Amino acid sequence: MLELLLSIRATLSARVNANMERFESDLMTFSKALLSINDISGVMDFLNNEDLLFINVERVNLILKQDLDSQPSLYYLDQDKQCQQFDYTESSLALHGAAMCDYCHHLDGETLYQTFPQLANHPAYEGVANYCKIPLSICNQPLGAIEYINLSMPSDSESEKQFKLFNNMISAMIEHIIEHQTASTVTEKLTTEKNNFQVLVDVTNTVISQSTKKELIGSLLRFLYQHFGMSDLSIIQLSDGHYNQHSASFIDGEMDYQCHFFTNDRMIKNAIKNNKHVFLTANDIAKMQADNNSPYFPERVKSACVMPLIFRGVTVGYISFMTLLEKNYQAADVELFQQIAARVALAMHSIKTHQASIPSRPMTKFVNIADDMGDHVIFDDIISQSEVMNKVLEQVALVASCDSTVLILGESGTGKELIARAIHKLSMRSKTRMVKMNCAAIPAGLFESELFGHERGAFTGAISQRVGRFEQAHKGTLFLDEIGDMPLELQPKLLRALQENEIERVGKNELISVDVRIVVATNVNLLEMVEKKKFRNDLYYRLNVFPIEIPPLRERAEDIPLLVKHFTRELAKKMGKTITAVAAEDLDIMRAFPWPGNVRELRNFVERSVILTRGNVLNVPVQELKTSHTLCADSTVVSDDTLVVTKTVPVVSAAPLSDDKMASQSASPAQSTPIKPTIDKAAVIAALKACHGVVAGPNGAANQLGLKRTTLLSRMQKMGINCQDFRESPSV
């Protein structure tokens, strides 16, 4: 008897151990599956896999809900082992009450069919001998249920615990899958929205710069063809009781334009009467192709979407998006088409406004900006044909091969840095880089550190070692722009570095040898600063080895057309525009303008003109130049310490003046009337005292004197006045 009991115990122990081994094996399989399965179909394949040893079941079904408010869906494998989905409705769910109840079911097949007879004909419930349904939930949130068809497993308590754990792991896996799918859906939606946003930005840039309807249709169709493969497009407008339809087709890289007139608008009535989009099928298009009095569609077009073009509540036309395939347009397509149509409507309104504002110039001559400029491009950057600039370039060629210090003089915006770069490129140091430093942009407290470098801990905030500009330019060229703004106390150190070719980092008493070629530039009179003790005379004479003075743009007016052409080509390419010509009379006006800001001002003005341009001819806002020229003429400098302001009083006419009359009046003697008293040094000092040293703003000295801030600062510099001398010291 004892032997029998021992034998039974051993058998039971072996079964328990075998069940435990199978369960542990299934746990390992679960862990791997959790990392590799990303959808419900994968879960179904996994649960119905014969590799699961612990669960002995014929097949497994899943009943899941995407959210608390949705109806559940049944997932099962058909006879071909393919995952199928059955979506419950309220009526079908009522017939299968066990599907979403929150308790377990364990029924034999006969009871199941008697309780739910409709399941007998469902492919997911064929051949059920026994049925087991376990609810699935995570953190008390129901996910659905898992159905075991013909389950066979041990009835001991340990196996029951393992079975519950098994179901909990299935719940975790399904929650992971649902979260992954939700995240993927959100990511896909965000990606689509981002792509659509970029498309709309590109569409705006494509259509907004066009000056004619033909250019608008052609540029938009090229864009739609590139991004969506759309090869046909048309715009329809109502005119004098009939419709004008301008169409374009992109075939084999060539644009084909068509113009069609019709009055039969029956097929697009909803768009015209109700401002709603209209979908046209292949049958609709075939009917219109047979009627010449209907909208035009090429034979290859199989479907289309017609959208109203609405700008500020007014319908300006209709746009027809055409495709070569029969297509069922989705809500996302309609939304994108509506956004594109809104931008096209804006462009149509802009074209109409632009064309109405263009002055009639029937005999205008145009200058081609694409002319070859090879003979006038010097040193890759400098464009010139004037004699005065050629003399400057001769000096550059002479001094470049030497290591002598060069002092570049000239007004702001004349291109001093370009000359410095040319000197470096032609020198024997051209293989190294040119290090640049703008002395006006460096705070006084950091100037020495920027120029000579510093050691770690040399001062508060010096958390690491810094290599200065001198060391960076070793074996190369150091360009110091606006040298007149260098602090007076630092000038002896610069002089010593130039004479000894040695520097000291801040915080380190050790000389460092450097081999640097110095090029400096300024727009102020250094000799005058020397006389006023604002610049050291020994440093001035050390820098003034080879001075090069760059003439202002007004002294080389013959270079202006070349620069206008160069800047137009460069900026138009950057903005994606095609500009091929400029009006000769606009070019003459620009040539005659004094350009106080020199080449920099000219480039900014050309950039503004390119932005304003629609079409192929540069749109020069010449009225700005006329206004600026008048303002420049209003101020006349009498002496360094005195500024007399005069204002030109124009002749008033009761009727608008033609260009010829305006020109004749401009040539007549101007009447000058003083509008401000003479402003001398005493007046400036009195204003600064009254404003406590404040120059700008409504309470500043410039406003009291009736001057611009920059004009007053320039006068103060020449008068030797510092606004800091009139500011109150802060109380301690």
# chains A, B, ... in the order shown; residues from 1 in each chain; ligands from 1
call {"tool": "residues_around", "arguments": {"residues": "Val606 of chain A", "least_positions_apart": "2", "cutoff": "8 Å", "atoms": "only C-alpha atoms", "output": "VMD selection string"}}
result
chain A and resid 564 567 to 568 602 to 604 608 to 610 620
call {"tool": "residues_around", "arguments": {"residues": "Ile340 of chain A", "least_positions_apart": "4", "cutoff": "12 Å", "atoms": "only C-alpha atoms", "output": "VMD selection string"}}
result
chain A and resid 196 to 208 220 to 221 223 to 224 307 to 310 318 to 321 333 to 336 344 to 347
call {"tool": "write_last_selection", "arguments": {"atoms": "N, CA, C and O atoms", "output": "CSV table (one decimal), in the first residue's frame"}}
result
chain,number,residue,atom,x,y,z
A,196,ASN,N,1.2,68.5,-44.7
A,196,ASN,CA,0.3,69.3,-45.3
A,196,ASN,C,0.6,70.8,-45.1
A,196,ASN,O,0.4,71.7,-46.0
A,197,PHE,N,1.1,71.1,-43.9
A,197,PHE,CA,1.5,72.5,-43.6
A,197,PHE,C,2.6,72.9,-44.5
A,197,PHE,O,2.6,74.0,-45.0
A,198,GLN,N,3.6,72.1,-44.6
A,198,GLN,CA,4.7,72.4,-45.5
A,198,GLN,C,4.2,72.6,-47.0
A,198,GLN,O,4.7,73.5,-47.7
A,199,VAL,N,3.3,71.7,-47.4
A,199,VAL,CA,2.8,71.8,-48.7
A,199,VAL,C,2.1,73.2,-48.9
A,199,VAL,O,2.3,73.9,-49.9
A,200,LEU,N,1.3,73.6,-47.9
A,200,LEU,CA,0.6,74.9,-48.0
A,200,LEU,C,1.6,76.1,-48.0
A,200,LEU,O,1.4,77.1,-48.7
A,201,VAL,N,2.7,76.0,-47.2
A,201,VAL,CA,3.7,77.0,-47.3
A,201,VAL,C,4.3,77.1,-48.7
A,201,VAL,O,4.5,78.2,-49.2
A,202,ASP,N,4.6,75.9,-49.2
A,202,ASP,CA,5.2,75.9,-50.6
A,202,ASP,C,4.2,76.4,-51.6
A,202,ASP,O,4.6,77.1,-52.6
A,203,VAL,N,3.0,76.0,-51.5
A,203,VAL,CA,1.9,76.5,-52.4
A,203,VAL,C,1.9,78.1,-52.3
A,203,VAL,O,1.8,78.8,-53.4
A,204,THR,N,1.9,78.6,-51.1
A,204,THR,CA,1.8,80.1,-51.0
A,204,THR,C,3.0,80.7,-51.7
A,204,THR,O,2.8,81.7,-52.4
A,205,ASN,N,4.2,80.2,-51.4
A,205,ASN,CA,5.4,80.8,-52.1
A,205,ASN,C,5.3,80.6,-53.6
A,205,ASN,O,5.8,81.4,-54.4
A,206,THR,N,4.7,79.6,-54.1
A,206,THR,CA,4.6,79.3,-55.5
A,206,THR,C,3.6,80.3,-56.2
A,206,THR,O,4.0,80.8,-57.3
A,207,VAL,N,2.5,80.5,-55.6
A,207,VAL,CA,1.4,81.3,-56.3
A,207,VAL,C,1.5,82.8,-56.1
A,207,VAL,O,1.0,83.6,-56.9
A,208,ILE,N,2.0,83.2,-54.9
A,208,ILE,CA,1.9,84.6,-54.5
A,208,ILE,C,2.7,85.5,-55.3
A,208,ILE,O,2.5,86.7,-55.4
A,220,LEU,N,1.5,76.6,-60.3
A,220,LEU,CA,0.8,75.8,-59.4
A,220,LEU,C,0.7,74.3,-59.9
A,220,LEU,O,0.9,73.4,-59.1
A,221,LEU,N,0.5,74.2,-61.2
A,221,LEU,CA,0.4,72.8,-61.8
A,221,LEU,C,1.8,72.1,-61.7
A,221,LEU,O,1.8,70.9,-61.4
A,223,PHE,N,3.9,72.5,-59.4
A,223,PHE,CA,4.0,72.1,-58.0
A,223,PHE,C,3.2,70.9,-57.7
A,223,PHE,O,3.6,69.9,-57.1
A,224,LEU,N,1.9,70.9,-58.1
A,224,LEU,CA,1.0,69.8,-57.9
A,224,LEU,C,1.5,68.5,-58.6
A,224,LEU,O,1.3,67.4,-58.1
A,307,MET,N,-13.6,73.4,-56.9
A,307,MET,CA,-13.7,74.1,-55.6
A,307,MET,C,-13.9,75.6,-55.9
A,307,MET,O,-13.3,76.2,-56.9
A,308,PRO,N,-14.8,76.3,-55.1
A,308,PRO,CA,-14.9,77.7,-55.3
A,308,PRO,C,-13.6,78.5,-54.8
A,308,PRO,O,-13.0,78.0,-53.8
A,309,LEU,N,-13.3,79.6,-55.4
A,309,LEU,CA,-12.2,80.4,-55.0
A,309,LEU,C,-12.8,81.6,-54.2
A,309,LEU,O,-13.4,82.5,-54.9
A,310,ILE,N,-12.6,81.6,-52.9
A,310,ILE,CA,-13.3,82.7,-52.1
A,310,ILE,C,-12.2,83.5,-51.4
A,310,ILE,O,-11.4,83.0,-50.7
A,318,TYR,N,-13.4,79.6,-59.8
A,318,TYR,CA,-13.5,78.2,-59.4
A,318,TYR,C,-12.2,77.5,-59.9
A,318,TYR,O,-11.7,77.8,-61.0
A,319,ILE,N,-11.7,76.6,-59.1
A,319,ILE,CA,-10.6,75.8,-59.6
A,319,ILE,C,-10.9,74.3,-59.7
A,319,ILE,O,-11.7,73.8,-58.8
A,320,SER,N,-10.5,73.7,-60.7
A,320,SER,CA,-10.8,72.3,-61.0
A,320,SER,C,-9.5,71.5,-60.9
A,320,SER,O,-8.5,71.7,-61.7
A,321,PHE,N,-9.4,70.6,-59.8
A,321,PHE,CA,-8.3,69.7,-59.7
A,321,PHE,C,-8.7,68.4,-60.4
A,321,PHE,O,-9.7,67.8,-60.1
A,333,ASP,N,-8.4,64.9,-48.4
A,333,ASP,CA,-8.2,65.5,-49.8
A,333,ASP,C,-8.9,66.8,-49.9
A,333,ASP,O,-8.4,67.8,-50.4
A,334,VAL,N,-10.2,66.8,-49.5
A,334,VAL,CA,-11.1,68.0,-49.6
A,334,VAL,C,-10.5,69.1,-48.8
A,334,VAL,O,-10.4,70.3,-49.3
A,335,GLU,N,-10.1,68.8,-47.6
A,335,GLU,CA,-9.5,69.8,-46.7
A,335,GLU,C,-8.3,70.5,-47.3
A,335,GLU,O,-8.1,71.7,-47.3
A,336,LEU,N,-7.4,69.6,-47.9
A,336,LEU,CA,-6.2,70.1,-48.5
A,336,LEU,C,-6.5,71.0,-49.7
A,336,LEU,O,-5.9,72.1,-49.9
A,344,VAL,N,-4.9,80.2,-53.7
A,344,VAL,CA,-5.1,80.6,-55.1
A,344,VAL,C,-6.0,81.8,-55.2
A,344,VAL,O,-5.8,82.8,-56.0
A,345,ALA,N,-7.1,81.9,-54.4
A,345,ALA,CA,-8.0,83.0,-54.4
A,345,ALA,C,-7.3,84.3,-54.0
A,345,ALA,O,-7.5,85.4,-54.6
A,346,LEU,N,-6.4,84.2,-53.0
A,346,LEU,CA,-5.6,85.4,-52.6
A,346,LEU,C,-4.7,85.8,-53.7
A,346,LEU,O,-4.6,87.0,-54.0
A,347,ALA,N,-4.1,84.8,-54.4
A,347,ALA,CA,-3.2,85.2,-55.5
A,347,ALA,C,-4.0,85.8,-56.7
A,347,ALA,O,-3.5,86.8,-57.3
call {"tool": "closest_residue", "arguments": {"among": "A:Val599, A:Tyr76, A:Ala473, A:Gly445", "to": "Glu489 of chain A", "atoms": "only C-alpha atoms"}}
result
A:Gly445
call {"tool": "atom_distance", "arguments": {"atom1": "atom CA of Cys259 of chain A", "atom2": "atom CA of Leu618 of chain A"}}
result
28.4 Å
call {"tool": "residues_around", "arguments": {"residues": "Leu527 of chain A", "least_positions_apart": "5", "cutoff": "9 Å", "atoms": "only C-alpha atoms", "output": "list in words"}}
result
Lys532, Phe535, Asn537 and Tyr540 of chain A
call {"tool": "write_last_selection", "arguments": {"atoms": "N, CA, C and O atoms", "output": "PDB file, in the first residue's frame"}}
result
ATOM      1  N   LYS A 532      42.237 115.071 -31.093  1.00  0.00           N
ATOM      2  CA  LYS A 532      41.353 115.229 -29.939  1.00  0.00           C
ATOM      3  C   LYS A 532      41.708 114.271 -28.811  1.00  0.00           C
ATOM      4  O   LYS A 532      40.940 114.114 -27.864  1.00  0.00           O
ATOM      5  N   PHE A 535      42.574 108.873 -29.907  1.00  0.00           N
ATOM      6  CA  PHE A 535      43.288 107.762 -30.541  1.00  0.00           C
ATOM      7  C   PHE A 535      44.777 108.062 -30.439  1.00  0.00           C
ATOM      8  O   PHE A 535      45.214 109.203 -30.702  1.00  0.00           O
ATOM      9  N   ASN A 537      48.543 108.610 -31.158  1.00  0.00           N
ATOM     10  CA  ASN A 537      49.224 108.968 -32.394  1.00  0.00           C
ATOM     11  C   ASN A 537      50.247 107.925 -32.812  1.00  0.00           C
ATOM     12  O   ASN A 537      50.434 107.657 -34.004  1.00  0.00           O
ATOM     13  N   TYR A 540      48.379 105.207 -34.495  1.00  0.00           N
ATOM     14  CA  TYR A 540      47.903 105.665 -35.805  1.00  0.00           C
ATOM     15  C   TYR A 540      49.009 105.566 -36.847  1.00  0.00           C
ATOM     16  O   TYR A 540      48.792 105.058 -37.952  1.00  0.00           O
TER      17      TYR A 540
END
call {"tool": "select_by_dssp", "arguments": {"residues": "segment 223-327 of chain A", "states": "strand (DSSP E)", "output": "count of residues only"}}
result
49
call {"tool": "residues_around", "arguments": {"residues": "Ile134 of chain A", "least_positions_apart": "3", "cutoff": "6 Å", "atoms": "only C-alpha atoms", "output": "VMD selection string"}}
result
chain A and resid 104 145 to 146
call {"tool": "write_last_selection", "arguments": {"atoms": "N, CA, C and O atoms", "output": "compact mmCIF listing (two decimals), in the first residue's frame"}}
result
# COMPACT_ATOMS: atom_id res chain seq x y z
N CYS A 104 -16.76 35.49 -15.73
CA CYS A 104 -16.26 34.38 -16.54
C CYS A 104 -17.42 33.47 -16.97
O CYS A 104 -18.44 33.36 -16.28
N ALA A 145 -12.38 40.55 -23.71
CA ALA A 145 -12.39 39.19 -23.18
C ALA A 145 -11.61 38.29 -24.12
O ALA A 145 -11.42 38.60 -25.31
N ILE A 146 -11.14 37.17 -23.57
CA ILE A 146 -10.48 36.15 -24.36
C ILE A 146 -11.33 34.89 -24.30
O ILE A 146 -11.83 34.51 -23.23
call {"tool": "residues_around", "arguments": {"residues": "Leu688 of chain A", "least_positions_apart": "2", "cutoff": "12 Å", "atoms": "only C-alpha atoms", "output": "number ranges by chain"}}
result
A: 681-686, 690-696, 699-705, 712-713, 716, 721-728
call {"tool": "atom_distance", "arguments": {"atom1": "atom CA of Ile217 of chain A", "atom2": "atom CA of Ser249 of chain A"}}
result
9.7 Å
call {"tool": "select_by_dssp", "arguments": {"residues": "segment 459-526 of chain A", "states": "alpha helix (DSSP H)", "output": "list in words"}}
result
Arg469, Phe470, Glu471, Gln472, Gln491, Pro492, Lys493, Leu494, Leu495, Arg496, Ala497, Leu498, Gln499, Glu500 and Leu526 of chain A
call {"tool": "write_last_selection", "arguments": {"atoms": "C-alpha atoms", "output": "compact mmCIF listing (two decimals), in the first residue's frame"}}
result
# COMPACT_ATOMS: atom_id res chain seq x y z
CA ARG A 469 41.90 86.51 -32.29
CA PHE A 470 45.67 87.05 -32.61
CA GLU A 471 46.41 83.39 -31.97
CA GLN A 472 43.54 82.29 -34.21
CA GLN A 491 45.68 100.68 -27.71
CA PRO A 492 49.20 100.45 -26.17
CA LYS A 493 48.85 96.65 -25.93
CA LEU A 494 47.84 96.45 -29.57
CA LEU A 495 50.79 98.67 -30.52
CA ARG A 496 53.18 96.43 -28.60
CA ALA A 497 51.73 93.31 -30.27
CA LEU A 498 52.26 94.90 -33.69
CA GLN A 499 55.84 95.96 -32.94
CA GLU A 500 57.05 92.86 -31.08
CA LEU A 526 41.57 108.83 -37.29
call {"tool": "residues_around", "arguments": {"residues": "Val301 of chain A", "least_positions_apart": "4", "cutoff": "9 Å", "atoms": "only C-alpha atoms", "output": "list in words"}}
result
Asp232, Ala282, Ile285, Phe297, Met322, Thr323, Leu324, Leu325 and Glu326 of chain A
call {"tool": "write_last_selection", "arguments": {"atoms": "all heavy atoms", "output": "compact mmCIF listing (two decimals), in the first residue's frame"}}
result
# COMPACT_ATOMS: atom_id res chain seq x y z
N ASP A 232 -3.23 67.96 -64.66
CA ASP A 232 -4.19 68.86 -65.31
C ASP A 232 -4.85 69.75 -64.26
O ASP A 232 -5.16 69.29 -63.15
CB ASP A 232 -5.25 68.05 -66.05
CG ASP A 232 -4.66 67.24 -67.20
OD1 ASP A 232 -4.57 67.78 -68.31
OD2 ASP A 232 -4.28 66.08 -66.94
N ALA A 282 -16.04 59.78 -63.83
CA ALA A 282 -15.69 59.57 -65.23
C ALA A 282 -16.92 59.73 -66.12
O ALA A 282 -16.83 60.28 -67.23
CB ALA A 282 -15.07 58.18 -65.41
N ILE A 285 -17.67 63.47 -66.50
CA ILE A 285 -16.69 64.10 -67.39
C ILE A 285 -16.95 63.71 -68.83
O ILE A 285 -16.84 64.54 -69.75
CB ILE A 285 -15.26 63.74 -66.94
CG1 ILE A 285 -14.97 64.37 -65.57
CG2 ILE A 285 -14.23 64.18 -67.96
CD1 ILE A 285 -13.67 63.95 -64.95
N PHE A 297 -12.59 69.35 -70.21
CA PHE A 297 -11.76 68.37 -69.53
C PHE A 297 -11.03 67.55 -70.58
O PHE A 297 -11.66 67.06 -71.53
CB PHE A 297 -12.60 67.42 -68.65
CG PHE A 297 -13.18 68.09 -67.44
CD1 PHE A 297 -14.42 68.68 -67.49
CD2 PHE A 297 -12.46 68.14 -66.25
CE1 PHE A 297 -14.96 69.32 -66.38
CE2 PHE A 297 -12.99 68.76 -65.13
CZ PHE A 297 -14.25 69.35 -65.19
N MET A 322 -7.83 67.94 -61.35
CA MET A 322 -8.16 66.78 -62.18
C MET A 322 -7.14 65.66 -61.95
O MET A 322 -5.96 65.91 -61.72
CB MET A 322 -8.15 67.16 -63.66
CG MET A 322 -8.94 68.41 -63.99
SD MET A 322 -8.83 68.83 -65.75
CE MET A 322 -9.28 70.56 -65.70
N THR A 323 -7.62 64.40 -62.04
CA THR A 323 -6.75 63.24 -61.92
C THR A 323 -7.00 62.30 -63.09
O THR A 323 -8.07 62.31 -63.70
CB THR A 323 -6.99 62.50 -60.59
OG1 THR A 323 -8.35 62.07 -60.54
CG2 THR A 323 -6.70 63.39 -59.41
N LEU A 324 -6.01 61.46 -63.37
CA LEU A 324 -6.10 60.53 -64.50
C LEU A 324 -6.74 59.21 -64.11
O LEU A 324 -6.93 58.34 -64.96
CB LEU A 324 -4.71 60.28 -65.08
CG LEU A 324 -3.92 61.54 -65.50
CD1 LEU A 324 -2.60 61.15 -66.14
CD2 LEU A 324 -4.74 62.40 -66.44
N LEU A 325 -7.04 59.03 -62.83
CA LEU A 325 -7.65 57.79 -62.34
C LEU A 325 -9.00 58.10 -61.70
O LEU A 325 -9.22 59.21 -61.20
CB LEU A 325 -6.73 57.11 -61.31
CG LEU A 325 -5.32 56.73 -61.79
CD1 LEU A 325 -4.50 56.22 -60.62
CD2 LEU A 325 -5.39 55.68 -62.89
N GLU A 326 -9.89 57.13 -61.71
CA GLU A 326 -11.14 57.29 -60.99
C GLU A 326 -10.83 57.22 -59.50
O GLU A 326 -10.31 56.22 -59.00
CB GLU A 326 -12.13 56.20 -61.40
CG GLU A 326 -12.59 56.30 -62.85
CD GLU A 326 -13.77 55.39 -63.13
OE1 GLU A 326 -14.64 55.29 -62.24
OE2 GLU A 326 -13.80 54.79 -64.21
call {"tool": "closest_residue", "arguments": {"among": "A:Arg614, A:His96, A:Lys626, A:His277", "to": "Leu119 of chain A", "atoms": "only C-alpha atoms"}}
result
A:His96
call {"tool": "residues_around", "arguments": {"residues": "segment 450-461 of chain A", "least_positions_apart": "4", "cutoff": "9 Å", "atoms": "only C-alpha atoms", "output": "PyMOL selection string"}}
result
chain A and resi 437+442+446+465-471+494+503-508
call {"tool": "write_last_selection", "arguments": {"atoms": "N, CA and C atoms", "output": "short mmCIF file (atom, residue, chain, number, x, y, z; two decimals), in the first residue's frame"}}
result
data_model
loop_
_atom_site.label_atom_id
_atom_site.label_comp_id
_atom_site.auth_asym_id
_atom_site.auth_seq_id
_atom_site.Cartn_x
_atom_site.Cartn_y
_atom_site.Cartn_z
N MET A 437 37.33 90.73 -36.75
CA MET A 437 36.86 91.22 -35.45
C MET A 437 36.33 92.64 -35.64
N ILE A 442 32.33 94.76 -29.72
CA ILE A 442 32.87 94.09 -28.54
C ILE A 442 32.75 95.01 -27.33
N LEU A 446 35.40 93.16 -22.37
CA LEU A 446 35.80 91.89 -22.96
C LEU A 446 36.77 92.06 -24.12
N GLN A 465 39.89 78.13 -20.68
CA GLN A 465 40.89 78.90 -21.44
C GLN A 465 40.30 79.33 -22.78
N ARG A 466 40.65 80.52 -23.22
CA ARG A 466 40.15 81.04 -24.50
C ARG A 466 41.33 81.51 -25.35
N VAL A 467 41.32 81.12 -26.60
CA VAL A 467 42.34 81.56 -27.55
C VAL A 467 41.82 82.82 -28.24
N GLY A 468 42.61 83.90 -28.20
CA GLY A 468 42.19 85.17 -28.76
C GLY A 468 42.34 85.23 -30.27
N ARG A 469 41.90 86.37 -30.84
CA ARG A 469 41.90 86.51 -32.29
C ARG A 469 43.32 86.50 -32.86
N PHE A 470 44.29 87.05 -32.11
CA PHE A 470 45.67 87.05 -32.61
C PHE A 470 46.18 85.63 -32.82
N GLU A 471 45.94 84.78 -31.84
CA GLU A 471 46.41 83.39 -31.97
C GLU A 471 45.62 82.64 -33.04
N LEU A 494 47.87 96.78 -28.16
CA LEU A 494 47.84 96.45 -29.57
C LEU A 494 49.10 96.93 -30.27
N ILE A 503 52.22 88.50 -27.79
CA ILE A 503 51.03 88.86 -27.01
C ILE A 503 51.08 88.15 -25.66
N GLU A 504 50.25 88.63 -24.74
CA GLU A 504 50.06 87.98 -23.45
C GLU A 504 48.58 87.72 -23.24
N ARG A 505 48.23 86.48 -22.90
CA ARG A 505 46.85 86.21 -22.54
C ARG A 505 46.53 86.84 -21.20
N VAL A 506 45.28 87.21 -21.02
CA VAL A 506 44.84 87.75 -19.74
C VAL A 506 44.95 86.65 -18.68
N GLY A 507 45.66 86.98 -17.59
CA GLY A 507 45.83 86.00 -16.52
C GLY A 507 47.05 85.12 -16.67
N LYS A 508 47.92 85.41 -17.65
CA LYS A 508 49.12 84.58 -17.84
C LYS A 508 50.28 85.48 -18.24
#
call {"tool": "atom_distance", "arguments": {"atom1": "atom CA of His349 of chain A", "atom2": "atom CA of Thr212 of chain A"}}
result
11.0 Å
call {"tool": "closest_atom_pairs", "arguments": {"of": "segment 577-623 of chain A", "to": "segment 393-412 of chain A", "cutoff": "9 Å", "atoms": "only C-alpha atoms", "output": "tab-separated table"}}
result
residue	atom	partner	partner_atom	distance
A:Pro596	CA	A:Ser412	CA	8.8
A:Gly597	CA	A:Ser412	CA	6.6
A:Asn598	CA	A:Ser412	CA	7.1
A:Val599	CA	A:Ser412	CA	8.9
A:Arg600	CA	A:Ser412	CA	8.2
call {"tool": "write_last_selection", "arguments": {"atoms": "all heavy atoms", "output": "PDB file, in the first residue's frame"}}
result
ATOM      1  N   PRO A 596      23.437 107.330 -49.622  1.00  0.00           N
ATOM      2  CA  PRO A 596      24.246 107.636 -48.428  1.00  0.00           C
ATOM      3  C   PRO A 596      24.719 106.392 -47.688  1.00  0.00           C
ATOM      4  O   PRO A 596      25.739 106.434 -46.992  1.00  0.00           O
ATOM      5  CB  PRO A 596      23.293 108.481 -47.569  1.00  0.00           C
ATOM      6  CG  PRO A 596      21.915 108.185 -48.087  1.00  0.00           C
ATOM      7  CD  PRO A 596      22.085 107.902 -49.540  1.00  0.00           C
ATOM      8  N   GLY A 597      23.980 105.293 -47.813  1.00  0.00           N
ATOM      9  CA  GLY A 597      24.412 104.048 -47.185  1.00  0.00           C
ATOM     10  C   GLY A 597      25.288 103.201 -48.073  1.00  0.00           C
ATOM     11  O   GLY A 597      25.632 102.061 -47.717  1.00  0.00           O
ATOM     12  N   ASN A 598      25.622 103.715 -49.269  1.00  0.00           N
ATOM     13  CA  ASN A 598      26.550 103.089 -50.200  1.00  0.00           C
ATOM     14  C   ASN A 598      26.064 101.718 -50.668  1.00  0.00           C
ATOM     15  O   ASN A 598      24.866 101.501 -50.789  1.00  0.00           O
ATOM     16  CB  ASN A 598      27.951 103.029 -49.581  1.00  0.00           C
ATOM     17  CG  ASN A 598      28.534 104.415 -49.406  1.00  0.00           C
ATOM     18  OD1 ASN A 598      28.809 105.102 -50.382  1.00  0.00           O
ATOM     19  ND2 ASN A 598      28.695 104.845 -48.159  1.00  0.00           N
ATOM     20  N   VAL A 599      26.985 100.779 -50.899  1.00  0.00           N
ATOM     21  CA  VAL A 599      26.638  99.498 -51.514  1.00  0.00           C
ATOM     22  C   VAL A 599      25.682  98.703 -50.618  1.00  0.00           C
ATOM     23  O   VAL A 599      24.788  98.018 -51.105  1.00  0.00           O
ATOM     24  CB  VAL A 599      27.903  98.682 -51.812  1.00  0.00           C
ATOM     25  CG1 VAL A 599      27.538  97.341 -52.449  1.00  0.00           C
ATOM     26  CG2 VAL A 599      28.827  99.457 -52.738  1.00  0.00           C
ATOM     27  N   ARG A 600      25.849  98.837 -49.313  1.00  0.00           N
ATOM     28  CA  ARG A 600      24.956  98.107 -48.409  1.00  0.00           C
ATOM     29  C   ARG A 600      23.513  98.571 -48.588  1.00  0.00           C
ATOM     30  O   ARG A 600      22.584  97.767 -48.646  1.00  0.00           O
ATOM     31  CB  ARG A 600      25.401  98.298 -46.962  1.00  0.00           C
ATOM     32  CG  ARG A 600      24.541  97.527 -45.958  1.00  0.00           C
ATOM     33  CD  ARG A 600      24.945  97.799 -44.526  1.00  0.00           C
ATOM     34  NE  ARG A 600      26.266  97.291 -44.225  1.00  0.00           N
ATOM     35  CZ  ARG A 600      27.298  98.052 -43.888  1.00  0.00           C
ATOM     36  NH1 ARG A 600      27.149  99.374 -43.806  1.00  0.00           N
ATOM     37  NH2 ARG A 600      28.466  97.524 -43.629  1.00  0.00           N
TER      38      ARG A 600
END
call {"tool": "closest_residue", "arguments": {"among": "A:Glu601, A:Glu58, A:Glu215, A:Glu90", "to": "Asn616 of chain A", "atoms": "only C-alpha atoms"}}
result
A:Glu215
call {"tool": "closest_residue", "arguments": {"among": "A:Gln141, A:Asn328, A:Asn509, A:Thr315", "to": "Ala342 of chain A", "atoms": "only C-alpha atoms"}}
result
A:Thr315
